[in-house]
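J.: Have a peek at structure_9.cif (mmCIF, C-alpha atoms).
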```
data_my_file
loop_
_atom_site.label_atom_id
_atom_site.label_comp_id
_atom_site.auth_asym_id
_atom_site.auth_seq_id
_atom_site.Cartn_x
_atom_site.Cartn_y
_atom_site.Cartn_z
CA MET A 23 210.81 18.99 78.00
CA LYS A 24 209.54 18.45 81.53
CA GLN A 25 206.24 19.98 80.45
CA TYR A 26 205.83 17.34 77.73
CA CYS A 27 206.59 14.63 80.22
CA LYS A 28 203.93 15.87 82.60
CA ILE A 29 201.34 16.23 79.85
CA SER A 30 201.97 12.79 78.42
CA LEU A 31 201.85 11.28 81.90
CA LEU A 32 198.55 13.03 82.48
CA LEU A 33 197.24 11.82 79.14
CA ALA A 34 198.36 8.31 79.94
CA VAL A 35 196.57 8.41 83.29
CA PHE A 36 193.38 9.75 81.75
CA GLY A 37 193.64 7.26 78.96
CA PHE A 38 193.97 4.43 81.46
CA ILE A 39 190.98 5.66 83.46
CA GLY A 40 189.06 5.96 80.22
CA ILE A 41 189.85 2.40 79.24
CA VAL A 42 188.85 1.15 82.69
CA PHE A 43 185.51 2.99 82.42
CA LEU A 44 184.93 1.64 78.95
CA THR A 45 185.55 -1.95 80.03
CA ILE A 46 183.29 -1.56 83.03
CA SER A 47 180.49 -0.11 80.96
CA THR A 48 180.72 -2.81 78.29
CA GLU A 49 180.88 -5.37 81.07
CA ALA A 50 177.71 -3.81 82.42
CA GLN A 51 176.13 -4.13 79.00
CA PHE A 52 176.64 -7.87 79.13
CA HIS A 53 175.36 -8.09 82.66
CA ILE A 54 171.96 -9.66 82.08
CA THR A 55 169.25 -8.62 84.54
CA THR A 56 166.10 -9.73 82.71
CA VAL A 57 165.10 -12.37 80.23
CA GLU A 58 163.93 -10.38 77.26
CA ASP A 59 163.85 -12.53 74.21
CA SER A 60 163.79 -10.38 71.08
CA ALA A 61 160.96 -12.58 69.78
CA PHE A 62 158.65 -10.81 72.25
CA SER A 63 159.94 -7.29 71.72
CA GLY A 64 158.33 -6.41 68.39
CA LYS A 65 154.79 -6.47 69.76
CA GLU A 66 152.97 -5.63 72.91
CA ARG A 67 153.96 -7.98 75.71
CA MET A 68 151.27 -9.75 77.67
CA LYS A 69 153.30 -10.02 80.86
CA PRO A 70 156.13 -7.99 82.38
CA ALA A 71 159.61 -9.25 81.46
CA VAL A 72 161.19 -11.63 83.96
CA PRO A 73 163.92 -10.28 86.26
CA PHE A 74 166.84 -12.68 85.90
CA TYR A 75 170.26 -11.77 87.24
CA HIS A 76 172.06 -14.26 85.03
CA ASP A 77 175.37 -14.71 86.86
CA GLU A 78 174.00 -14.24 90.36
CA HIS A 79 171.20 -16.68 89.60
CA ASN A 80 173.57 -19.36 88.39
CA ASP A 81 175.94 -18.82 91.31
CA ALA A 82 173.12 -19.03 93.85
CA ALA A 83 171.67 -22.09 92.14
CA GLY A 84 175.08 -23.69 91.80
CA ILE A 85 174.80 -24.25 88.04
CA TYR A 86 178.25 -24.38 86.49
CA ASP A 87 177.44 -26.19 83.26
CA CYS A 88 176.28 -23.52 80.81
CA SER A 89 174.67 -26.14 78.59
CA THR A 90 172.12 -26.86 81.33
CA CYS A 91 170.25 -23.96 79.72
CA HIS A 92 172.20 -23.10 76.57
CA HIS A 93 171.80 -26.60 75.21
CA VAL A 94 172.27 -28.26 71.86
CA TRP A 95 170.23 -31.25 70.79
CA GLU A 96 170.83 -33.80 68.09
CA ASP A 97 168.55 -36.70 67.14
CA GLY A 98 166.42 -36.21 70.24
CA GLU A 99 169.41 -36.28 72.58
CA LYS A 100 170.96 -33.45 74.51
CA LEU A 101 174.64 -33.21 73.65
CA GLU A 102 177.20 -33.07 76.42
CA TYR A 103 180.09 -30.61 76.34
CA THR A 104 178.37 -28.60 73.63
CA ASP A 105 176.55 -25.36 74.21
CA SER A 106 174.64 -22.66 72.38
CA ILE A 107 175.93 -19.65 74.32
CA GLY A 108 175.22 -16.45 72.45
CA MET A 109 172.06 -17.76 70.83
CA GLU A 110 168.66 -16.73 72.05
CA CYS A 111 166.25 -19.54 72.86
CA SER A 112 163.99 -18.22 70.09
CA ALA A 113 166.77 -18.83 67.54
CA CYS A 114 165.89 -22.52 67.75
CA HIS A 115 162.53 -22.73 69.47
CA LEU A 116 160.80 -20.49 66.96
CA ALA A 117 162.71 -21.83 63.99
CA GLU A 118 161.07 -25.22 63.54
CA PRO A 119 158.38 -25.23 60.89
CA GLY A 120 154.99 -24.51 62.40
CA ALA A 121 156.46 -23.28 65.69
CA THR A 122 154.54 -20.42 67.31
CA GLU A 123 155.13 -18.10 70.20
CA MET A 124 153.37 -20.65 72.39
CA ASP A 125 156.19 -23.11 71.68
CA LEU A 126 158.78 -20.55 72.70
CA ILE A 127 156.95 -19.63 75.91
CA ARG A 128 156.60 -23.34 76.61
CA ALA A 129 160.36 -23.82 76.25
CA TYR A 130 161.12 -21.01 78.70
CA HIS A 131 158.49 -22.10 81.20
CA LEU A 132 159.47 -25.75 81.10
CA GLN A 133 163.17 -25.05 81.48
CA CYS A 134 162.84 -22.52 84.29
CA ARG A 135 159.93 -23.98 86.24
CA THR A 136 160.86 -27.66 85.98
CA CYS A 137 164.18 -27.04 87.68
CA HIS A 138 162.65 -24.81 90.38
CA LEU A 139 160.12 -27.53 91.16
CA GLU A 140 162.80 -30.20 91.29
CA GLU A 141 165.05 -28.08 93.49
CA LYS A 142 162.10 -26.79 95.55
CA SER A 143 163.71 -23.41 95.27
CA GLY A 144 163.02 -20.50 92.93
CA PRO A 145 159.77 -19.10 91.47
CA ILE A 146 157.01 -21.33 90.04
CA LEU A 147 153.88 -19.12 89.85
CA CYS A 148 153.13 -16.65 87.05
CA ALA A 149 153.38 -13.57 89.22
CA GLU A 150 156.54 -14.75 90.96
CA CYS A 151 158.42 -14.60 87.65
CA HIS A 152 156.52 -11.90 85.77
CA VAL A 153 157.02 -9.27 88.44
CA GLY A 154 155.74 -5.71 88.40
CA GLU A 155 154.11 -3.54 85.78
CA LYS A 156 154.25 -4.46 82.14
CA MET B 29 154.33 -24.64 98.76
CA TYR B 30 156.25 -26.66 96.13
CA ASP B 31 154.61 -29.88 97.26
CA ILE B 32 151.11 -28.42 97.21
CA TYR B 33 151.75 -26.93 93.77
CA ALA B 34 153.05 -30.24 92.45
CA LEU B 35 150.04 -32.07 93.90
CA ALA B 36 147.56 -29.53 92.55
CA ARG B 37 149.09 -29.59 89.09
CA GLY B 38 149.61 -33.32 88.96
CA PRO B 39 147.49 -35.94 90.76
CA PHE B 40 144.73 -33.57 91.92
CA ALA B 41 144.25 -32.18 88.42
CA TRP B 42 144.08 -35.69 86.97
CA GLY B 43 141.71 -36.75 89.73
CA ALA B 44 139.43 -33.76 89.22
CA PHE B 45 139.12 -34.29 85.47
CA ILE B 46 138.64 -38.04 85.78
CA ILE B 47 135.93 -37.60 88.43
CA PHE B 48 134.35 -34.82 86.34
CA PHE B 49 134.11 -36.76 83.08
CA GLY B 50 133.64 -40.14 84.73
CA GLY B 51 130.96 -38.65 86.98
CA ILE B 52 129.11 -37.15 84.03
CA ILE B 53 129.06 -40.48 82.19
CA TYR B 54 128.03 -42.33 85.35
CA ARG B 55 125.18 -39.92 86.12
CA LEU B 56 123.90 -39.91 82.55
CA VAL B 57 124.00 -43.68 82.21
CA THR B 58 122.36 -44.38 85.57
CA THR B 59 119.68 -41.76 84.99
CA VAL B 60 118.75 -43.14 81.59
CA MET B 61 118.75 -46.69 82.96
CA GLU B 62 116.50 -45.70 85.83
CA ALA B 63 114.13 -43.95 83.45
CA ARG B 64 113.97 -47.11 81.36
CA LYS B 65 112.86 -49.04 84.41
CA LYS B 66 110.47 -46.60 86.00
CA ASP B 67 109.16 -44.42 83.22
CA HIS B 68 109.78 -46.22 79.96
CA VAL B 69 106.92 -44.45 78.16
CA VAL B 70 109.30 -41.51 77.97
CA PHE B 71 111.21 -43.43 75.36
CA ASP B 72 108.08 -44.13 73.30
CA TYR B 73 107.20 -40.48 73.19
CA PHE B 74 110.74 -39.21 72.73
CA SER B 75 110.84 -36.86 69.76
CA PRO B 76 114.06 -35.31 68.49
CA TYR B 77 112.08 -32.47 66.91
CA TYR B 78 110.30 -31.42 70.11
CA ALA B 79 113.49 -32.01 72.12
CA MET B 80 115.45 -29.66 69.89
CA ARG B 81 112.62 -27.14 69.86
CA SER B 82 112.58 -27.02 73.63
CA MET B 83 116.38 -26.74 73.93
CA LEU B 84 116.43 -23.90 71.44
CA HIS B 85 113.83 -21.93 73.33
CA TRP B 86 115.68 -22.32 76.59
CA ILE B 87 119.17 -21.60 75.28
CA VAL B 88 118.27 -18.40 73.43
CA PRO B 89 118.03 -15.32 75.66
CA PHE B 90 114.38 -14.42 76.29
CA GLY B 91 113.27 -17.55 74.42
CA SER B 92 110.90 -18.57 77.21
CA THR B 93 108.06 -16.80 79.00
CA SER B 94 109.69 -17.10 82.38
CA MET B 95 112.79 -15.37 81.01
CA ARG B 96 110.70 -12.55 79.59
CA ARG B 97 108.98 -12.14 82.92
CA GLN B 98 112.31 -11.68 84.74
CA PRO B 99 114.52 -9.65 82.39
CA VAL B 100 117.18 -8.74 84.95
CA LEU B 101 117.63 -12.30 86.12
CA THR B 102 117.77 -13.45 82.49
CA ILE B 103 120.48 -10.98 81.51
CA VAL B 104 122.56 -11.77 84.61
CA THR B 105 122.11 -15.51 84.07
CA PHE B 106 123.21 -15.45 80.44
CA ALA B 107 126.18 -13.14 81.05
CA PHE B 108 127.12 -15.33 84.02
CA HIS B 109 127.05 -18.61 82.12
CA ILE B 110 128.94 -17.28 79.11
CA CYS B 111 131.72 -15.91 81.32
CA LEU B 112 131.66 -18.93 83.64
CA ILE B 113 132.44 -21.29 80.76
CA GLY B 114 134.43 -18.90 78.56
CA VAL B 115 137.03 -17.73 81.08
CA PRO B 116 138.39 -21.10 82.23
CA LEU B 117 138.45 -22.49 78.69
CA PHE B 118 140.14 -19.54 77.00
CA LEU B 119 142.26 -17.98 79.73
CA PHE B 120 145.83 -17.59 78.49
CA ALA B 121 147.33 -18.87 81.74
CA HIS B 122 145.25 -22.07 81.47
CA VAL B 123 146.06 -22.65 77.82
CA ILE B 124 149.80 -22.16 78.36
CA LEU B 125 149.72 -24.74 81.18
CA VAL B 126 147.98 -27.20 78.84
CA LYS B 127 150.54 -26.33 76.16
CA GLU B 128 153.36 -27.06 78.59
CA SER B 129 151.93 -30.42 79.63
CA PHE B 130 150.43 -31.73 76.37
CA ASP B 131 151.87 -29.48 73.66
CA ILE B 132 148.44 -28.41 72.39
CA SER B 133 146.97 -24.92 72.45
CA TRP B 134 144.06 -22.87 71.17
CA TRP B 135 142.70 -19.33 70.93
CA THR B 136 142.90 -17.23 74.09
CA LEU B 137 141.19 -14.20 75.59
CA SER B 138 143.10 -10.99 76.21
CA GLY B 139 144.04 -10.45 79.84
CA MET B 140 141.71 -7.48 80.08
CA ALA B 141 138.70 -9.37 78.71
CA ALA B 142 139.36 -12.27 81.05
CA GLN B 143 139.46 -10.00 84.08
CA VAL B 144 136.25 -8.21 83.14
CA MET B 145 134.53 -11.55 82.54
CA SER B 146 135.75 -12.90 85.88
CA LEU B 147 134.32 -9.84 87.59
CA ILE B 148 131.00 -10.51 85.86
CA VAL B 149 130.99 -14.04 87.30
CA ILE B 150 131.84 -12.80 90.79
CA LEU B 151 129.24 -10.02 90.76
CA SER B 152 126.62 -12.42 89.35
CA CYS B 153 127.30 -14.76 92.25
CA VAL B 154 126.81 -11.88 94.67
CA TYR B 155 123.52 -11.15 92.92
CA PHE B 156 122.36 -14.78 93.08
CA PHE B 157 123.31 -14.99 96.74
CA ILE B 158 121.45 -11.83 97.72
CA ARG B 159 118.49 -12.82 95.58
CA ARG B 160 118.19 -16.10 97.45
CA LEU B 161 118.35 -14.25 100.73
CA VAL B 162 115.85 -11.49 100.05
CA GLN B 163 113.30 -12.77 97.53
CA PRO B 164 110.70 -14.65 99.61
CA ASP B 165 109.70 -17.31 97.06
CA VAL B 166 113.31 -18.16 96.21
CA ARG B 167 114.33 -18.03 99.84
CA TYR B 168 111.62 -20.55 100.66
CA LEU B 169 113.02 -22.96 98.07
CA SER B 170 116.67 -22.52 99.11
CA ALA B 171 118.59 -25.04 101.15
CA THR B 172 121.97 -24.42 102.77
CA THR B 173 123.66 -26.32 99.96
CA ASP B 174 122.30 -23.81 97.45
CA TYR B 175 124.19 -21.04 99.19
CA LEU B 176 127.28 -23.22 99.45
CA MET B 177 127.04 -23.98 95.73
CA ILE B 178 127.25 -20.27 94.92
CA LEU B 179 130.33 -19.90 97.13
CA LEU B 180 131.88 -22.98 95.54
CA VAL B 181 131.41 -21.53 92.07
CA ALA B 182 132.64 -18.07 93.05
CA ALA B 183 135.75 -19.32 94.90
CA PRO B 184 137.95 -20.16 91.88
CA PHE B 185 137.03 -16.87 90.26
CA ILE B 186 137.77 -14.76 93.33
CA THR B 187 141.10 -16.48 93.96
CA GLY B 188 141.89 -16.50 90.23
CA PHE B 189 141.26 -12.77 89.93
CA TRP B 190 143.45 -12.24 92.96
CA ALA B 191 146.24 -14.33 91.46
CA ALA B 192 146.01 -12.58 88.09
CA ARG B 193 146.20 -9.14 89.72
CA ALA B 194 149.18 -10.38 91.77
CA TRP B 195 147.78 -8.75 94.89
CA ALA B 196 149.50 -9.38 98.23
CA GLY B 197 149.27 -13.02 99.19
CA PHE B 198 148.86 -14.12 95.57
CA GLU B 199 150.97 -17.21 96.29
CA VAL B 200 148.35 -18.58 98.65
CA ALA B 201 145.56 -17.29 96.41
CA THR B 202 147.01 -19.17 93.43
CA LEU B 203 147.19 -22.44 95.33
CA LEU B 204 143.65 -21.95 96.67
CA HIS B 205 142.59 -21.17 93.12
CA MET B 206 143.93 -24.44 91.80
CA LEU B 207 142.47 -26.48 94.66
CA SER B 208 139.04 -24.81 94.64
CA GLY B 209 138.79 -25.17 90.88
CA GLU B 210 139.56 -28.85 91.13
CA LEU B 211 137.06 -29.32 93.96
CA LEU B 212 134.41 -27.58 91.87
CA LEU B 213 135.09 -29.77 88.84
CA ALA B 214 134.90 -32.94 90.91
CA LEU B 215 131.63 -31.90 92.58
CA ILE B 216 129.78 -30.80 89.43
CA PRO B 217 128.45 -34.27 88.51
CA PHE B 218 127.11 -34.96 92.00
CA THR B 219 125.39 -31.67 92.84
CA LYS B 220 122.78 -29.39 91.34
CA LEU B 221 125.55 -28.13 89.08
CA SER B 222 124.88 -31.30 87.09
CA HIS B 223 122.29 -29.24 85.19
CA MET B 224 125.32 -28.47 83.06
CA PHE B 225 124.98 -31.86 81.34
CA PHE B 226 121.43 -32.76 82.39
CA PHE B 227 120.12 -29.70 80.56
CA PRO B 228 119.67 -31.52 77.22
CA LEU B 229 117.99 -34.47 78.95
CA THR B 230 115.65 -32.27 80.95
CA ARG B 231 114.67 -30.31 77.86
CA ALA B 232 114.32 -33.44 75.74
CA TYR B 233 112.04 -34.94 78.39
CA ALA B 234 109.90 -31.86 78.92
CA GLY B 235 109.93 -30.93 75.22
CA SER B 236 108.78 -34.39 74.11
CA GLU B 237 106.14 -34.63 76.79
CA PHE B 238 104.70 -31.18 76.09
CA GLY B 239 105.12 -31.33 72.33
CA ALA B 240 104.23 -34.91 71.41
CA VAL B 241 101.80 -35.72 74.23
CA ARG B 242 100.13 -32.56 75.42
CA HIS B 243 100.60 -30.57 72.23
CA ALA B 244 101.64 -27.58 74.29
CA LYS B 245 104.63 -25.32 74.63
CA ASP B 246 107.13 -25.89 77.42
CA TRP B 247 108.70 -22.46 77.38
#
```
When written as C-alpha cells, how does the structure in this file appear?

T.:
Amino acid sequence: MKQYCKISLLLAVFGFIGIVFLTISTEAQFHITTVEDSAFSGKERMKPAVPFYHDEHNDAAGIYDCSTCHHVWEDGEKLEYTDSIGMECSACHLAEPGATEMDLIRAYHLQCRTCHLEEKSGPILCAECHVGEK
Amino acid sequence: MYDIYALARGPFAWGAFIIFFGGIIYRLVTTVMEARKKDHVVFDYFSPYYAMRSMLHWIVPFGSTSMRRQPVLTIVTFAFHICLIGVPLFLFAHVILVKESFDISWWTLSGMAAQVMSLIVILSCVYFFIRRLVQPDVRYLSATTDYLMILLVAAPFITGFWAARAWAGFEVATLLHMLSGELLLALIPFTKLSHMFFFPLTRAYAGSEFGAVRHAKDW
C-alpha cells in the first residue's frame, strides 16, 4: 500500500513538473522576438526580419494600449477600445483590392518609424531595424 | 540624429527638389531668352530634323567620331550615366520612402544590381578624377571646381553604398547620404552638371547650325 502511495506521489510530482514545463514552453512560443509577417515568408525576403521583443518593447516604450498597433478602423476613423489582437497586419493591409506588398511594407514602416520619430527614441534607419544577415 | 533625419527627409528634401526643378526651368528660360536677344538667327535656322539627328548621334554609344576615337572613355561614360540615373530612380529604399510619403510606387532594382551599379558609378568617378589629373590636355582644361564636381557626384553613392551594406558608422553615413544627395540635386542646375538638361539644347543648336547652315556633320 505504501509503495502505491510513493509511486503515485512521484507520478504527481513528475506530472506537475511536466505541466510547468509545458506551460513555459508554450509561453515561450508566444514570446515574440521578431516581426515576421507570413505575407513575406513564402518568397525570398529582401531584408533580414526585424528583431522585435514584443512585450519588452512595449514596456520600455510605455505603450499600454494594445490598439496603438493592433488597431481597427471604421469609416476612416480609428476606433477606441477596439483592437485586432491576433490578426497579422497583412490580414487587413494586403486584403484591400489592389493592395500590394508595398502597401503592407508601408503600413509597417509608417507605424513603427512615425512613433520612433515622434518619441525621438527607437530605430528609424533601414539598417537599424533590418539587422544582420538575411 | 532624429532632428537631422527629420530635416533631411522633410524640408531639405522639399527644398532640394524645388531648387532642382525650379532651377532647371529658370536656366532654360533665361538661356533661351538670352539667345533670342543676342543670337536670334539661331531661331531662324532651327531645324527639328537636324536637332534630332544630332541628339541621336550623341546619345547612341559610339555614334560620334570622338567617341570612336576614345573607346574606353566612351564605355565608362555610358555605363556611368546609366547607373548614375538608374540607381537613384529605381532603388528599392528610395521607392519605399516615396511610397510611404505619397502612396505611389514603381518598378525597383534588386539589391544586388543596385550595389553593382553603385560601384560602377564610384569606380567611374575614380577614373574621371585620375584622368583629369594625368592626361595633359584634360588637365590643362580642368579647374578646381571640376574636381569638386566629381567628388560631389560620388559622395551620395559612396555614403549610400556604405548605408546599404550597413557597415560600421552607417547611421552617420545614411545622414550624410541624404544631405549630400540633396546638395547635389540643388547644385545641378547651377553648375556644369546642367548638361543634364542643356544636352538637348546644345545638340539642337549645334545640329541645326551644322546641318542647316554648314551642311556638315556635328558628330

J.: Determine, counting all atoms listed in the file, which protein, DNA and RNA residues have an atom within 12 Å of an atom of A:Thr122; residues of the same chain fewer than 5 positions away are not included. Present the result as a list in words.

T.: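 Contacts, in chain order: Ala61, Phe62, Ser112, Cys114, His115, Leu116, Ala117, Ile127, Arg128 and Ala129 of chain A; Lys127, Asp131, Ile132, Ser133 and Trp134 of chain B.
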
J.: Could you list as a list in words every residue that has an atom within 7 Å of (112.9, -25.6, 74.6), using the file's coordinates and counting only C-alpha atoms?

T.: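 Within the cut-off we find Ala79, Met80, Arg81, Ser82, Met83, Leu84, His85, Trp86, Arg231, Gly235, Asp246 and Trp247 of chain B.
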
J.: Residues of chain B within 6 Å of chain A, counting only C-alpha atoms - could you list those as a PyMOL selection string?

T.: chain B and resi 30+128+194

J.: Which residues, named as in the file, does the PyMOL selection byres ((chain B and resi 36) around 10) pick out? Answer as a PyMOL selection string.

T.: chain B and resi 30-35+37-44+203-210

J.: So what does the PyMOL selection byres ((chain A and resi 92) around 9) actually pick up in this one, as a PyMOL selection string?

T.: chain A and resi 88-91+93-94+104-111

J.: If we count only C-alpha atoms and set the cut-off at 9 Å, which residues sit around stretch 163-178 of chain B, ignoring sequence neighbours fewer than 3 positions away in its own chain? Please answer as an MDAnalysis selection string.

T.: chainID B and resid 153:154 156:160 181:183 219:221

J.: List the neighbours of A:Phe74 out to 7 Å using all atoms listed in the file; skip same-chain residues closer than 2 positions along the sequence, and give me the result as a VMD selection string.

T.: chain A and resid 55 to 57 72 76 79

J.: What is the distance, in Å and to one decimal place, between atom CA of B:Ala232 and atom CA of B:Val60?

T.: 12.2 Å

J.: Could you expand the PyMOL selection byres ((chain B and resi 104) around 12) into the explicit residues it covers here, written as a list in words?

T.: Pro89, Phe90, Met95, Gln98, Pro99, Val100, Leu101, Thr102, Ile103, Thr105, Phe106, Ala107, Phe108, His109, Ile110, Cys111, Leu112, Ile148, Val149, Ile150, Leu151, Ser152, Cys153, Val154, Tyr155, Phe156 and Arg159 of chain B

J.: Report the distance between atom CA of B:Ser236 and atom CA of B:Asp67 in Å, rounded to one decimal place.

T.: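 So the two atoms, atom CA of B:Ser236 and atom CA of B:Asp67, lie 13.6 Å apart.
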
J.: Please, what distance in Å, to one decimal, runs between atom CA of B:Gln143 and atom CA of B:Leu211?

T.: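 Computed distance, atom CA of B:Gln143 to atom CA of B:Leu211, equals 21.8 Å.
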
J.: Would you mind listing what lies within 9 Å of stretch 223-227 of chain B as a PDB file with C-alpha atoms, keeping the file's coordinate frame, with only C-alpha atoms counted and same-chain residues fewer than 6 positions away left out?

T.:
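Produced file out28.pdb, reproduced below:
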```
ATOM      1  CA  ILE B  52     129.110 -37.150  84.030  1.00  0.00           C
ATOM      2  CA  ARG B  55     125.180 -39.920  86.120  1.00  0.00           C
ATOM      3  CA  LEU B  56     123.900 -39.910  82.550  1.00  0.00           C
ATOM      4  CA  MET B  83     116.380 -26.740  73.930  1.00  0.00           C
ATOM      5  CA  ILE B 216     129.780 -30.800  89.430  1.00  0.00           C
ATOM      6  CA  PRO B 217     128.450 -34.270  88.510  1.00  0.00           C
TER       7      PRO B 217
END
```

J.: Please define a box with edges along x, y and z of the file around all atoms of stretch 99-116 of chain A given in the file, extend it by 8 Å on each side, and return its centre and edge lengths in Å to one decimal, as lines of an AutoDock Vina configuration file.

T.:
```
center_x = 170.4
center_y = -26.4
center_z = 71.7
size_x = 35.3
size_y = 35.8
size_z = 25.5
```
